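Engineer: Just entry.txt, nothing more (compact mmCIF, C-alpha atoms):
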# COMPACT_ATOMS: atom_id res chain seq x y z
CA MET A 7 -1.11 43.34 36.45
CA PRO A 8 -1.74 43.16 32.69
CA GLN A 9 -1.99 46.49 30.92
CA THR A 10 -4.94 45.42 28.80
CA LEU A 11 -7.39 45.09 31.66
CA LYS A 12 -8.73 48.20 33.35
CA ALA A 13 -9.23 48.25 37.08
CA CYS A 14 -12.70 47.44 38.35
CA ALA A 15 -14.82 50.30 39.66
CA PRO A 16 -16.14 49.82 43.19
CA PRO A 17 -19.37 47.81 42.93
CA PRO A 18 -22.49 49.97 43.43
CA TYR A 19 -24.28 47.17 45.19
CA PRO A 20 -21.99 44.91 47.23
CA MET A 21 -24.47 42.06 47.17
CA ALA A 22 -24.89 42.10 43.38
CA PRO A 23 -22.74 39.49 41.63
CA THR A 24 -21.06 40.16 38.31
CA MET A 25 -21.61 37.66 35.53
CA THR A 26 -18.20 36.15 34.87
CA PRO A 27 -17.25 33.45 32.38
CA VAL A 28 -15.44 30.25 33.17
CA THR A 29 -12.41 29.98 30.90
CA ARG A 30 -10.82 26.74 32.06
CA PHE A 31 -11.98 23.75 34.09
CA ILE A 32 -9.61 21.17 35.57
CA ARG A 33 -10.55 18.03 37.48
CA GLU A 34 -8.02 17.73 40.33
CA SER A 35 -9.41 14.54 41.90
CA ALA A 36 -12.70 12.69 42.15
CA GLU A 37 -14.22 15.41 44.36
CA VAL A 38 -12.07 18.45 43.70
CA PHE A 39 -11.98 20.71 40.67
CA THR A 40 -10.36 23.98 39.69
CA PHE A 41 -11.69 26.61 37.33
CA ASP A 42 -10.48 29.96 36.08
CA LEU A 43 -12.74 32.96 35.74
CA ALA A 44 -12.03 35.87 33.42
CA PRO A 45 -13.41 39.04 34.99
CA GLU A 46 -14.14 42.01 32.72
CA CYS A 47 -11.85 44.23 34.77
CA ALA A 48 -8.74 43.65 36.85
CA THR A 49 -9.58 42.30 40.28
CA PRO A 50 -6.49 42.58 42.48
CA PHE A 51 -6.51 40.25 45.45
CA ALA A 52 -4.18 39.30 48.26
CA PRO A 53 -3.12 35.70 48.91
CA GLY A 54 -5.67 34.18 51.28
CA GLN A 55 -8.66 36.29 50.24
CA PHE A 56 -11.87 34.74 48.99
CA ASN A 57 -14.65 35.42 46.50
CA MET A 58 -18.35 34.67 46.68
CA LEU A 59 -19.31 32.44 43.77
CA TYR A 60 -22.95 32.17 42.73
CA ALA A 61 -24.24 29.11 40.89
CA PHE A 62 -27.36 30.48 39.25
CA GLY A 63 -30.53 29.00 40.58
CA VAL A 64 -28.73 27.13 43.33
CA GLY A 65 -26.89 29.51 45.64
CA GLU A 66 -23.75 31.35 46.58
CA ILE A 67 -20.74 30.14 48.57
CA PRO A 68 -17.39 31.59 49.70
CA ILE A 69 -14.39 30.10 47.93
CA SER A 70 -10.77 31.07 48.53
CA ILE A 71 -8.80 32.19 45.52
CA SER A 72 -6.23 29.54 44.66
CA GLY A 73 -4.43 31.32 41.82
CA ASP A 74 -1.60 33.78 41.48
CA SER A 75 -2.25 37.22 42.93
CA GLN A 76 0.17 38.64 40.37
CA SER A 77 -2.26 37.61 37.63
CA PRO A 78 -5.57 39.19 38.71
CA GLU A 79 -6.94 38.98 35.18
CA ARG A 80 -7.49 35.31 35.92
CA LEU A 81 -9.30 34.31 39.10
CA THR A 82 -8.68 30.68 39.97
CA HIS A 83 -10.76 28.75 42.48
CA THR A 84 -10.34 25.19 43.70
CA ILE A 85 -13.43 23.58 45.15
CA ARG A 86 -14.47 20.31 46.75
CA ALA A 87 -17.96 19.23 45.80
CA VAL A 88 -19.61 18.73 49.18
CA GLY A 89 -23.01 20.44 48.86
CA PRO A 90 -25.55 21.57 46.29
CA VAL A 91 -23.77 24.79 45.32
CA SER A 92 -20.28 23.33 45.09
CA ALA A 93 -21.71 20.36 43.17
CA ALA A 94 -23.41 22.76 40.74
CA LEU A 95 -20.14 24.66 40.30
CA GLY A 96 -18.52 21.32 39.56
CA ARG A 97 -20.83 20.82 36.59
CA LEU A 98 -19.68 24.02 34.90
CA LYS A 99 -17.58 23.99 31.78
CA ALA A 100 -15.57 26.56 29.89
CA GLY A 101 -17.89 29.25 28.55
CA ASP A 102 -20.46 28.94 31.35
CA GLN A 103 -21.10 31.88 33.65
CA VAL A 104 -20.98 32.24 37.42
CA GLY A 105 -21.87 35.17 39.62
CA LEU A 106 -18.80 36.73 41.20
CA ARG A 107 -18.44 39.03 44.20
CA GLY A 108 -15.16 39.90 45.82
CA PRO A 109 -12.43 39.67 46.74
CA PHE A 110 -13.16 39.78 50.45
CA GLY A 111 -11.41 39.39 53.75
CA VAL A 112 -7.95 39.50 55.26
CA GLY A 113 -5.33 37.27 53.67
CA TRP A 114 -2.02 35.72 54.65
CA PRO A 115 0.65 37.98 56.21
CA VAL A 116 3.09 37.67 53.32
CA GLU A 117 4.47 41.18 53.87
CA GLU A 118 4.80 40.71 57.62
CA ALA A 119 6.62 37.42 57.01
CA LYS A 120 9.49 39.05 55.12
CA GLY A 121 12.79 38.14 56.75
CA PHE A 122 11.30 35.14 58.54
CA ASP A 123 11.36 31.42 57.91
CA VAL A 124 7.90 30.60 56.61
CA LEU A 125 5.99 27.37 57.17
CA LEU A 126 2.81 26.65 55.23
CA ILE A 127 0.73 23.70 56.38
CA GLY A 128 -2.31 22.59 54.43
CA GLY A 129 -4.71 19.72 54.95
CA GLY A 130 -6.96 18.39 52.20
CA ILE A 131 -8.47 21.19 50.14
CA GLY A 132 -6.71 23.57 52.57
CA LEU A 133 -3.73 23.65 50.23
CA ALA A 134 -5.80 25.71 47.80
CA PRO A 135 -5.98 28.94 49.87
CA LEU A 136 -2.27 28.55 50.64
CA ARG A 137 -1.24 28.26 47.00
CA PRO A 138 -1.35 32.03 46.33
CA ALA A 139 0.96 32.52 49.31
CA ILE A 140 3.32 29.86 47.94
CA TYR A 141 3.33 31.63 44.58
CA TRP A 142 4.06 34.90 46.36
CA LEU A 143 6.92 33.46 48.39
CA LEU A 144 8.51 31.83 45.36
CA ARG A 145 8.19 35.05 43.36
CA HIS A 146 9.81 37.05 46.18
CA ARG A 147 12.02 34.23 47.40
CA ALA A 148 15.02 36.38 48.39
CA ALA A 149 12.92 38.31 50.89
CA TYR A 150 12.30 35.27 53.08
CA GLY A 151 14.33 32.78 55.08
CA ARG A 152 13.74 29.07 54.78
CA VAL A 153 10.38 28.09 53.34
CA GLY A 154 8.66 24.81 54.11
CA VAL A 155 5.38 23.39 52.88
CA LEU A 156 3.58 20.48 54.55
CA TYR A 157 0.57 19.01 52.84
CA GLY A 158 -1.66 16.26 54.17
CA ALA A 159 -4.33 14.44 52.20
CA ARG A 160 -6.47 11.35 52.52
CA THR A 161 -4.87 9.22 49.80
CA PRO A 162 -2.46 9.80 46.88
CA GLU A 163 -5.52 9.98 44.61
CA ASP A 164 -6.85 12.92 46.63
CA LEU A 165 -3.76 15.08 46.20
CA ILE A 166 -4.47 18.31 44.36
CA PHE A 167 -2.10 20.36 42.19
CA GLY A 168 -0.14 17.19 41.38
CA ALA A 169 2.03 18.71 38.66
CA GLU A 170 2.89 21.68 40.84
CA LEU A 171 3.74 19.45 43.78
CA GLU A 172 6.32 17.78 41.57
CA GLU A 173 7.60 21.17 40.45
CA TRP A 174 7.83 22.44 44.01
CA ARG A 175 9.62 19.25 45.03
CA ARG A 176 12.33 20.12 42.52
CA THR A 177 12.45 23.79 43.50
CA PRO A 178 15.66 24.77 45.28
CA ASP A 179 15.14 26.44 48.65
CA LEU A 180 11.65 25.00 49.07
CA GLN A 181 11.10 22.17 51.50
CA LEU A 182 8.04 20.14 50.62
CA ARG A 183 6.69 17.13 52.52
CA VAL A 184 3.47 15.43 51.55
CA ALA A 185 1.76 12.89 53.79
CA VAL A 186 -1.29 10.81 53.00
CA GLU A 187 -3.39 8.94 55.53
CA ARG A 188 -3.28 5.67 53.63
CA ALA A 189 -1.72 4.48 50.41
CA GLY A 190 -1.20 1.50 48.18
CA PRO A 191 2.16 -0.21 47.79
CA ASP A 192 3.25 2.07 44.96
CA TRP A 193 3.38 5.16 47.17
CA THR A 194 6.87 5.76 48.51
CA GLY A 195 6.20 9.09 50.22
CA ASP A 196 5.16 9.73 53.79
CA VAL A 197 2.10 8.03 55.22
CA GLY A 198 0.60 9.29 58.45
CA TYR A 199 -0.72 12.47 59.93
CA VAL A 200 0.72 15.72 58.65
CA THR A 201 1.70 17.32 61.96
CA PRO A 202 4.63 15.00 62.87
CA LEU A 203 6.30 16.04 59.62
CA LEU A 204 7.03 19.41 61.21
CA SER A 205 10.07 17.79 62.77
CA LYS A 206 11.38 17.05 59.28
CA LEU A 207 11.46 20.71 58.23
CA ARG A 208 14.46 22.92 58.83
CA PHE A 209 13.48 26.25 60.37
CA ASP A 210 14.32 28.51 63.27
CA PRO A 211 11.30 28.55 65.61
CA ALA A 212 12.34 31.92 67.02
CA ASP A 213 12.20 33.48 63.58
CA ALA A 214 9.41 31.57 61.92
CA ILE A 215 5.92 32.46 60.78
CA ALA A 216 3.43 29.70 60.12
CA MET A 217 0.29 29.69 58.00
CA ILE A 218 -2.21 26.87 58.43
CA CYS A 219 -5.30 25.98 56.45
CA GLY A 220 -7.37 22.85 56.74
CA PRO A 221 -10.02 21.25 58.91
CA GLU A 222 -10.32 23.00 62.25
CA VAL A 223 -9.28 19.90 64.19
CA MET A 224 -6.08 19.86 62.14
CA ILE A 225 -5.55 23.59 62.67
CA ARG A 226 -5.75 23.17 66.44
CA ALA A 227 -3.38 20.19 66.49
CA THR A 228 -0.90 21.85 64.15
CA ALA A 229 -0.88 25.13 66.04
CA LEU A 230 -0.12 23.27 69.27
CA ALA A 231 2.65 21.31 67.57
CA LEU A 232 4.14 24.57 66.28
CA GLU A 233 4.03 26.03 69.78
CA ASP A 234 5.69 22.89 71.12
CA ALA A 235 8.41 23.45 68.53
CA GLY A 236 8.91 26.99 69.83
CA VAL A 237 6.93 29.12 67.38
CA ALA A 238 5.15 32.00 69.16
CA ASP A 239 1.36 31.87 68.93
CA SER A 240 1.38 35.46 67.62
CA ARG A 241 3.32 34.22 64.60
CA ILE A 242 0.90 31.46 63.74
CA PHE A 243 -1.87 32.36 61.28
CA VAL A 244 -4.89 30.22 60.60
CA SER A 245 -7.55 30.40 57.92
CA MET A 246 -10.96 29.87 59.45
CA GLU A 247 -14.16 28.67 57.89
CA ARG A 248 -17.69 29.43 58.98
CA ASN A 249 -21.05 29.86 57.31
CA MET A 250 -20.48 33.03 55.31
CA LYS A 251 -23.38 34.69 53.49
CA CYS A 252 -22.93 38.41 52.86
CA ALA A 253 -19.11 38.46 53.06
CA ILE A 254 -19.12 42.08 54.23
CA GLY A 255 -19.88 41.73 57.93
CA HIS A 256 -23.56 42.67 57.75
CA CYS A 257 -25.51 39.44 58.10
CA GLY A 258 -23.73 37.94 61.10
CA HIS A 259 -23.83 34.39 59.83
CA CYS A 260 -20.09 33.98 60.24
CA GLN A 261 -19.79 35.70 63.59
CA PHE A 262 -17.07 34.07 65.67
CA GLY A 263 -17.23 35.63 69.12
CA PRO A 264 -16.31 39.28 68.61
CA LEU A 265 -15.04 38.58 65.10
CA PHE A 266 -16.59 38.13 61.71
CA ILE A 267 -14.77 35.50 59.71
CA CYS A 268 -15.63 37.24 56.43
CA LYS A 269 -14.19 40.67 57.17
CA ASP A 270 -11.81 40.11 60.11
CA GLY A 271 -10.56 36.91 58.47
CA PRO A 272 -10.63 34.36 57.03
CA VAL A 273 -6.97 34.51 58.08
CA HIS A 274 -6.60 35.19 61.78
CA ARG A 275 -3.65 35.42 64.11
CA TYR A 276 -3.82 32.31 66.24
CA ASP A 277 -3.29 34.07 69.58
CA ARG A 278 -6.43 36.11 68.85
CA VAL A 279 -8.67 33.12 68.18
CA ARG A 280 -7.20 30.28 70.18
CA SER A 281 -9.49 30.83 73.18
CA LEU A 282 -12.50 31.03 70.86
CA LEU A 283 -11.60 27.74 69.25
CA ALA A 284 -12.29 26.05 72.57
CA TYR A 285 -15.98 27.02 72.47
CA ARG A 286 -18.08 24.40 70.76
CA GLU A 287 -20.98 26.84 70.60
CA LEU A 288 -19.15 29.15 68.20
CA MET B 5 34.43 0.45 61.46
CA LYS B 6 31.73 1.50 63.89
CA ASP B 7 30.49 -1.03 66.38
CA ILE B 8 26.87 -1.35 67.34
CA ALA B 9 27.27 0.94 70.37
CA ASP B 10 28.60 3.69 68.09
CA LEU B 11 25.67 3.30 65.74
CA LEU B 12 23.27 3.39 68.65
CA ARG B 13 24.92 6.45 70.14
CA HIS B 14 24.18 8.42 66.98
CA HIS B 15 20.48 7.55 66.85
CA PRO B 16 18.02 10.05 68.44
CA PHE B 17 16.63 7.19 70.51
CA ALA B 18 19.85 7.09 72.54
CA GLU B 19 20.05 10.82 73.18
CA GLY B 20 20.88 11.38 76.85
CA LEU B 21 21.45 7.71 77.53
CA ASP B 22 24.44 7.12 79.83
CA GLU B 23 27.32 5.02 78.50
CA GLU B 24 26.74 2.16 80.90
CA THR B 25 23.12 1.72 79.89
CA LEU B 26 23.99 2.23 76.24
CA ALA B 27 26.58 -0.54 76.39
CA LEU B 28 24.13 -2.80 78.20
CA VAL B 29 21.31 -2.44 75.69
CA ALA B 30 23.73 -2.54 72.74
CA GLY B 31 24.36 -6.14 73.78
CA CYS B 32 20.84 -6.92 72.52
CA ALA B 33 21.32 -5.13 69.20
CA LYS B 34 22.68 -5.80 65.76
CA ASN B 35 23.01 -3.82 62.55
CA VAL B 36 20.72 -4.81 59.69
CA VAL B 37 20.44 -3.71 56.06
CA LEU B 38 17.18 -4.16 54.17
CA GLN B 39 16.62 -3.93 50.46
CA PRO B 40 13.45 -2.35 49.07
CA GLY B 41 10.70 -4.94 49.37
CA ASP B 42 12.27 -6.80 52.29
CA TYR B 43 9.90 -7.44 55.19
CA LEU B 44 11.05 -6.68 58.72
CA HIS B 45 8.09 -8.57 60.12
CA ARG B 46 4.78 -9.99 58.94
CA GLU B 47 1.36 -9.68 60.48
CA GLY B 48 0.70 -12.48 62.97
CA ALA B 49 4.34 -13.54 63.23
CA ALA B 50 6.33 -13.50 66.47
CA ALA B 51 7.26 -9.93 67.43
CA ASP B 52 10.74 -10.66 68.62
CA SER B 53 12.46 -7.47 67.46
CA PHE B 54 12.17 -3.76 67.28
CA TYR B 55 14.17 -1.41 65.11
CA LEU B 56 15.80 1.98 65.18
CA VAL B 57 15.80 3.21 61.60
CA ARG B 58 19.13 4.86 60.79
CA HIS B 59 18.54 5.56 57.13
CA GLY B 60 15.72 4.70 54.78
CA ALA B 61 12.00 4.15 55.06
CA VAL B 62 9.69 1.36 56.11
CA ALA B 63 5.97 1.09 55.34
CA LEU B 64 3.58 -0.38 57.90
CA GLU B 65 0.90 -2.19 55.97
CA THR B 66 -2.13 -4.36 56.24
CA PHE B 67 -3.49 -6.48 53.43
CA VAL B 68 -7.11 -6.17 52.40
CA PRO B 69 -8.32 -9.11 50.30
CA GLY B 70 -9.40 -7.96 46.89
CA ARG B 71 -7.92 -4.51 47.40
CA GLY B 72 -4.27 -5.16 48.12
CA ALA B 73 -1.87 -3.82 50.73
CA PHE B 74 -2.59 -0.48 52.39
CA THR B 75 0.11 1.58 54.02
CA PHE B 76 -1.05 3.53 57.06
CA LEU B 77 2.29 4.78 58.36
CA THR B 78 5.82 5.23 57.10
CA VAL B 79 8.72 5.11 59.52
CA LYS B 80 11.82 6.97 58.43
CA SER B 81 15.33 7.89 59.47
CA GLY B 82 15.71 8.58 63.17
CA GLU B 83 12.45 6.90 64.15
CA ILE B 84 11.60 3.68 65.97
CA LEU B 85 9.69 0.75 64.55
CA GLY B 86 7.84 -1.92 66.47
CA ALA B 87 5.86 -1.97 69.69
CA ASP B 88 4.41 -5.48 69.75
CA TRP B 89 7.57 -6.89 71.34
CA LEU B 90 6.59 -4.97 74.49
CA ILE B 91 3.35 -6.75 75.31
CA PRO B 92 2.29 -10.41 75.39
CA PRO B 93 1.70 -12.40 73.31
CA TYR B 94 4.50 -10.61 71.39
CA ARG B 95 2.81 -10.94 68.02
CA SER B 96 3.19 -8.52 65.11
CA SER B 97 0.01 -6.62 64.32
CA PHE B 98 1.01 -5.50 60.83
CA ASP B 99 3.44 -6.06 58.00
CA ALA B 100 6.54 -3.86 57.91
CA ARG B 101 8.21 -3.55 54.51
CA ALA B 102 11.27 -1.55 53.51
CA ILE B 103 10.36 0.80 50.67
CA GLU B 104 13.91 1.95 50.05
CA LEU B 105 17.34 0.80 51.06
CA THR B 106 17.12 0.86 54.84
CA ARG B 107 19.74 0.56 57.51
CA ALA B 108 18.55 -0.09 61.03
CA ILE B 109 19.58 -1.26 64.45
CA ALA B 110 17.58 -4.38 65.32
CA PHE B 111 17.01 -5.23 68.98
CA ASP B 112 16.21 -8.68 70.28
CA GLY B 113 13.01 -8.00 72.20
CA LYS B 114 13.36 -10.89 74.60
CA CYS B 115 16.93 -9.90 75.45
CA LEU B 116 15.94 -6.30 76.10
CA ARG B 117 12.88 -7.24 78.13
CA GLY B 118 15.17 -9.36 80.28
CA LYS B 119 17.57 -6.49 80.92
CA CYS B 120 14.73 -4.09 81.66
CA GLY B 121 13.22 -6.57 84.11
CA ALA B 122 16.55 -7.14 85.84
CA ASP B 123 17.27 -3.44 86.27
CA PRO B 124 14.23 -1.15 86.58
CA ARG B 125 16.46 1.86 85.94
CA VAL B 126 17.23 0.51 82.48
CA GLY B 127 13.55 -0.27 82.02
CA TYR B 128 12.64 3.30 82.91
CA GLU B 129 15.20 4.69 80.48
CA MET B 130 13.74 2.54 77.74
CA MET B 131 10.17 3.49 78.67
CA LYS B 132 11.03 7.21 78.53
CA ARG B 133 12.17 6.67 74.95
CA PHE B 134 9.34 4.45 73.81
CA ILE B 135 6.30 6.16 75.28
CA PRO B 136 6.58 9.61 73.61
CA PRO B 137 6.68 8.32 70.00
CA LEU B 138 4.01 5.74 70.77
CA VAL B 139 1.70 8.36 72.25
CA LYS B 140 2.32 10.69 69.31
CA ARG B 141 1.51 7.88 66.91
CA LEU B 142 -1.65 7.12 68.83
CA GLN B 143 -2.66 10.78 68.58
CA SER B 144 -1.92 10.78 64.87
CA ALA B 145 -3.81 7.53 64.36
CA ARG B 146 -6.86 9.09 66.04
CA MET B 147 -6.65 12.05 63.69
CA GLN B 148 -6.36 9.74 60.70
CA ALA B 149 -9.31 7.70 61.95
CA LEU B 150 -11.44 10.85 62.05
CA GLY B 151 -11.12 11.19 58.29
CA MET B 152 -11.00 14.92 58.84
CA TYR B 153 -9.87 15.81 55.33
CA ASP B 154 -13.23 14.61 54.01
CA ALA B 155 -15.20 17.39 55.64
CA ALA B 156 -13.29 20.52 54.79
CA ASN B 157 -13.82 22.92 51.99
CA ALA B 158 -11.90 26.03 51.10
Could you quickly redo this structure as structure tokens?

Structural biologist:
Amino acid sequence: MPQTLKACAPPPYPMAPTMTPVTRFIRESAEVFTFDLAPECATPFAPGQFNMLYAFGVGEIPISISGDSQSPERLTHTIRAVGPVSAALGRLKAGDQVGLRGPFGVGWPVEEAKGFDVLLIGGGIGLAPLRPAIYWLLRHRAAYGRVGVLYGARTPEDLIFGAELEEWRRTPDLQLRVAVERAGPDWTGDVGYVTPLLSKLRFDPADAIAMICGPEVMIRATALALEDAGVADSRIFVSMERNMKCAIGHCGHCQFGPLFICKDGPVHRYDRVRSLLAYREL
Amino acid sequence: MKDIADLLRHHPFAEGLDEETLALVAGCAKNVVLQPGDYLHREGAAADSFYLVRHGAVALETFVPGRGAFTFLTVKSGEILGADWLIPPYRSSFDARAIELTRAIAFDGKCLRGKCGADPRVGYEMMKRFIPPLVKRLQSARMQALGMYDAANA
């Protein structure tokens, strides 16, 4: 944590956002963008946690933090423009302000994973919430066994964090496989669904922890594939998404059976949610 | 120098296959080497072969006029390529193009169909090896068809 930034005091009103400037804006793909926020005080967060971002006059949405948890003076978020709020956030530029609340929720089990092989599987924008965990693992590489990252996207043009993917591909002791659903003739990487690539990673299923983030249909399929490979369901962690509003477990919008995604998650142990995932009503 | 039975024996497809059956089906096989850009088969052409990829990568493609060729699946080392030889009218549904130097075992589909028909035990052994990857590819194709990555946010 930088010495120049004092720690934030607990917010007096948890629903009140703090005006926070955008310091950098990056277009990742046609629909996805990344921006950095510079909070006035240090805002420590754990990989996998999220913030509530308020686009003034439009609304507030939960967005996972996609930056490095070792640099809490800079809060990075990667967003796909799919609705009015995310589209409004996508029109911001450096110097503009957003409302910030957070961080919230339970993140990835990076401490619990020490000593294990670690598999991180992201689909689409789901790589963004995993990126802080990847940073963490690389920074503490000696504490973990084999590390593998699988990333699935629609097309090569939809891949996010392109420069980092290339860097990770060259990183010793990091297995990276990227699959797109369709590609032009110039693409020489994998084409197909992301789950079958599990068989291409080297890991010991008996001593592996997996972290999955992506569309729920992909989460279910990937968790089953991991189980088929021998990974215990108690060692599979999934990041869930529901309609979050207050982010502190008061409003109930994100209730998922007995759980609240905002405060019990968004990262959940798969064995604790797998039965709930079968209910379409939830 | 390895003969075709040796090459076959070391491919995951042949795992658990008894020597007699292995020698029988190896009689339908030959070793092939493809340079990047070589086509294994073209859409609409006779599907008279299937392949066990030993090393390399092959793109399955379809051509969209005005937009070019689209790859929807890559088949890599240790995997099988080709299913159209199994069902009449034995016609290739897509283009298959090597995207890197590729070494494969090519089977004559008609030869193998004949041996499977003559000995149902051989046919069953082959079916046990073909059905799992085909079903997995069907499952994956369904997921791809859903376009699921479009809907998610973080």

Engineer: List every residue of chain A that has an atom at most 7 Å from any atom of chain B, and for each one report the closest atom pair and its distance in Å to one decimal, counting all atoms listed in the file, with rows sorted by chain and then by increasing residue number, as CSV.

Structural biologist:
residue,atom,partner,partner_atom,distance
A:Ile69,CA,B:Ala158,CA,5.7
A:Ser70,CA,B:Ala158,CA,5.8
A:Ile85,CA,B:Ala158,CA,6.6
A:Arg86,CA,B:Asn157,CA,5.9
A:Gly129,CA,B:Tyr153,CA,6.5
A:Gly130,CA,B:Tyr153,CA,5.0
A:Ile131,CA,B:Asn157,CA,5.9
A:Gly132,CA,B:Ala158,CA,5.9
A:Ala134,CA,B:Ala158,CA,6.9
A:Pro135,CA,B:Ala158,CA,6.7
A:Ala159,CA,B:Tyr153,CA,6.5
A:Arg160,CA,B:Tyr153,CA,6.3
A:Glu187,CA,B:Gln148,CA,6.0
A:Arg188,CA,B:Phe76,CA,4.6
A:Ala189,CA,B:Thr75,CA,5.0
A:Gly190,CA,B:Phe74,CA,4.9
A:Pro191,CA,B:Ala73,CA,6.2
A:Thr194,CA,B:Ile103,CA,6.4
A:Asp196,CA,B:Thr78,CA,5.6
A:Val197,CA,B:Leu77,CA,4.5
A:Gly198,CA,B:Leu77,CA,4.8
A:Tyr199,CA,B:Ser144,CA,5.4
A:Gly220,CA,B:Ala156,CA,6.7
A:Pro221,CA,B:Ala156,CA,5.3

Engineer: Mind checking which residues fall within 8 Å of A:Ile166, counting only C-alpha atoms, ignoring those fewer than 6 positions away in the same chain, and posting them as number ranges by chain?

Structural biologist: A: 34-35, 38, 131, 133

Engineer: Applying 7 Å and all atoms listed in the file, which residues near A:Gly128 remain after dropping the ones on its own chain fewer than 5 positions away? List them as a list of chain:residue names.

Structural biologist: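 Result of the neighbour search: A:Leu133, A:Leu156, A:Tyr157, A:Gly158, A:Ile218, A:Cys219, A:Gly220.
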
Engineer: List as a list in words: which residues have an atom within 7 Å of (6.8, 15.4, 46.3), counting all atoms listed in the file?

Structural biologist: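 Here is the list of nearby residues: Leu171, Glu172, Arg175, Leu182, Arg183 and Val184 of chain A.
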
Engineer: What is the atom CA of A:Lys269 to atom CA of A:Asp239 distance in Å?

Structural biologist: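 Atom CA of A:Asp239 lies at a distance of 21.4 Å from atom CA of A:Lys269.
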
Engineer: Residues proximal to (17.7, -6.0, 50.5) were defined as those with any atom within 9 Å of that point in the file's coordinates, counting only C-alpha atoms. Which are they, as a list in words?

Structural biologist: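 Residues found, by chain and rising number: Val37, Leu38, Gln39, Pro40, Gly41, Asp42, Ala102, Glu104, Leu105 and Thr106 of chain B.
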
Engineer: Please, what distance in Å, to one decimal, runs between atom CA of B:Pro16 and atom CA of A:Asp213?

Structural biologist: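 Between atom CA of B:Pro16 and atom CA of A:Asp213 the gap is 24.6 Å.
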
Engineer: Can you list, as a PyMOL selection string, every protein, DNA or RNA residue that comes within 12 Å of stretch 124-134 of chain B when you count all atoms listed in the file, leaving out same-chain residues fewer than 6 positions away?

Structural biologist: chain B and resi 15-29+54-56+83-90+113+116-118+140-141

Engineer: Keeping only C-alpha atoms, write the selected residues as an mmCIF file, in the coordinates of the input.

Structural biologist:
data_model
loop_
_atom_site.group_PDB
_atom_site.id
_atom_site.type_symbol
_atom_site.label_atom_id
_atom_site.label_comp_id
_atom_site.auth_asym_id
_atom_site.auth_seq_id
_atom_site.Cartn_x
_atom_site.Cartn_y
_atom_site.Cartn_z
ATOM 1 C CA HIS B 15 20.480 7.550 66.850
ATOM 2 C CA PRO B 16 18.020 10.050 68.440
ATOM 3 C CA PHE B 17 16.630 7.190 70.510
ATOM 4 C CA ALA B 18 19.850 7.090 72.540
ATOM 5 C CA GLU B 19 20.050 10.820 73.180
ATOM 6 C CA GLY B 20 20.880 11.380 76.850
ATOM 7 C CA LEU B 21 21.450 7.710 77.530
ATOM 8 C CA ASP B 22 24.440 7.120 79.830
ATOM 9 C CA GLU B 23 27.320 5.020 78.500
ATOM 10 C CA GLU B 24 26.740 2.160 80.900
ATOM 11 C CA THR B 25 23.120 1.720 79.890
ATOM 12 C CA LEU B 26 23.990 2.230 76.240
ATOM 13 C CA ALA B 27 26.580 -0.540 76.390
ATOM 14 C CA LEU B 28 24.130 -2.800 78.200
ATOM 15 C CA VAL B 29 21.310 -2.440 75.690
ATOM 16 C CA PHE B 54 12.170 -3.760 67.280
ATOM 17 C CA TYR B 55 14.170 -1.410 65.110
ATOM 18 C CA LEU B 56 15.800 1.980 65.180
ATOM 19 C CA GLU B 83 12.450 6.900 64.150
ATOM 20 C CA ILE B 84 11.600 3.680 65.970
ATOM 21 C CA LEU B 85 9.690 0.750 64.550
ATOM 22 C CA GLY B 86 7.840 -1.920 66.470
ATOM 23 C CA ALA B 87 5.860 -1.970 69.690
ATOM 24 C CA ASP B 88 4.410 -5.480 69.750
ATOM 25 C CA TRP B 89 7.570 -6.890 71.340
ATOM 26 C CA LEU B 90 6.590 -4.970 74.490
ATOM 27 C CA GLY B 113 13.010 -8.000 72.200
ATOM 28 C CA LEU B 116 15.940 -6.300 76.100
ATOM 29 C CA ARG B 117 12.880 -7.240 78.130
ATOM 30 C CA GLY B 118 15.170 -9.360 80.280
ATOM 31 C CA LYS B 140 2.320 10.690 69.310
ATOM 32 C CA ARG B 141 1.510 7.880 66.910
#

Engineer: A:Thr177: which residues within 12 Å, counting all atoms listed in the file, same-chain residues fewer than 2 positions away excluded, as a PyMOL selection string?

Structural biologist: chain A and resi 140+144+147+153-155+170-175+179-182

Engineer: Identify, on the basis of all atoms listed in the file, every residue whose closest approach to stretch 97-109 of chain A does not exceed 9 Å; exclude the query and any residue fewer than 2 positions from it along the same chain; express the result as a ChimeraX atom specification.

Structural biologist: /A:17,20-31,41-43,45,49-52,55-62,66,70-71,92-95,111,253

Engineer: Just the number, please: distance in Å from atom CA of A:Phe262 to atom CA of A:Met224, one decimal.

Structural biologist: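 Straight-line distance from atom CA of A:Phe262 to atom CA of A:Met224 works out to 18.3 Å.
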
Engineer: Which of these residues is nearest to B:Arg58, using all atoms listed in the file: B:Val139, B:Cys120, B:Cys115, B:Ile8?

Structural biologist: B:Ile8

Engineer: Counting only C-alpha atoms, which residue out of B:Cys32, B:Leu138, B:Leu44, B:Ala51 sits closest to B:Pro92?

Structural biologist: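 Checking each candidate against B:Pro92, we get B:Ala51 as the closest.
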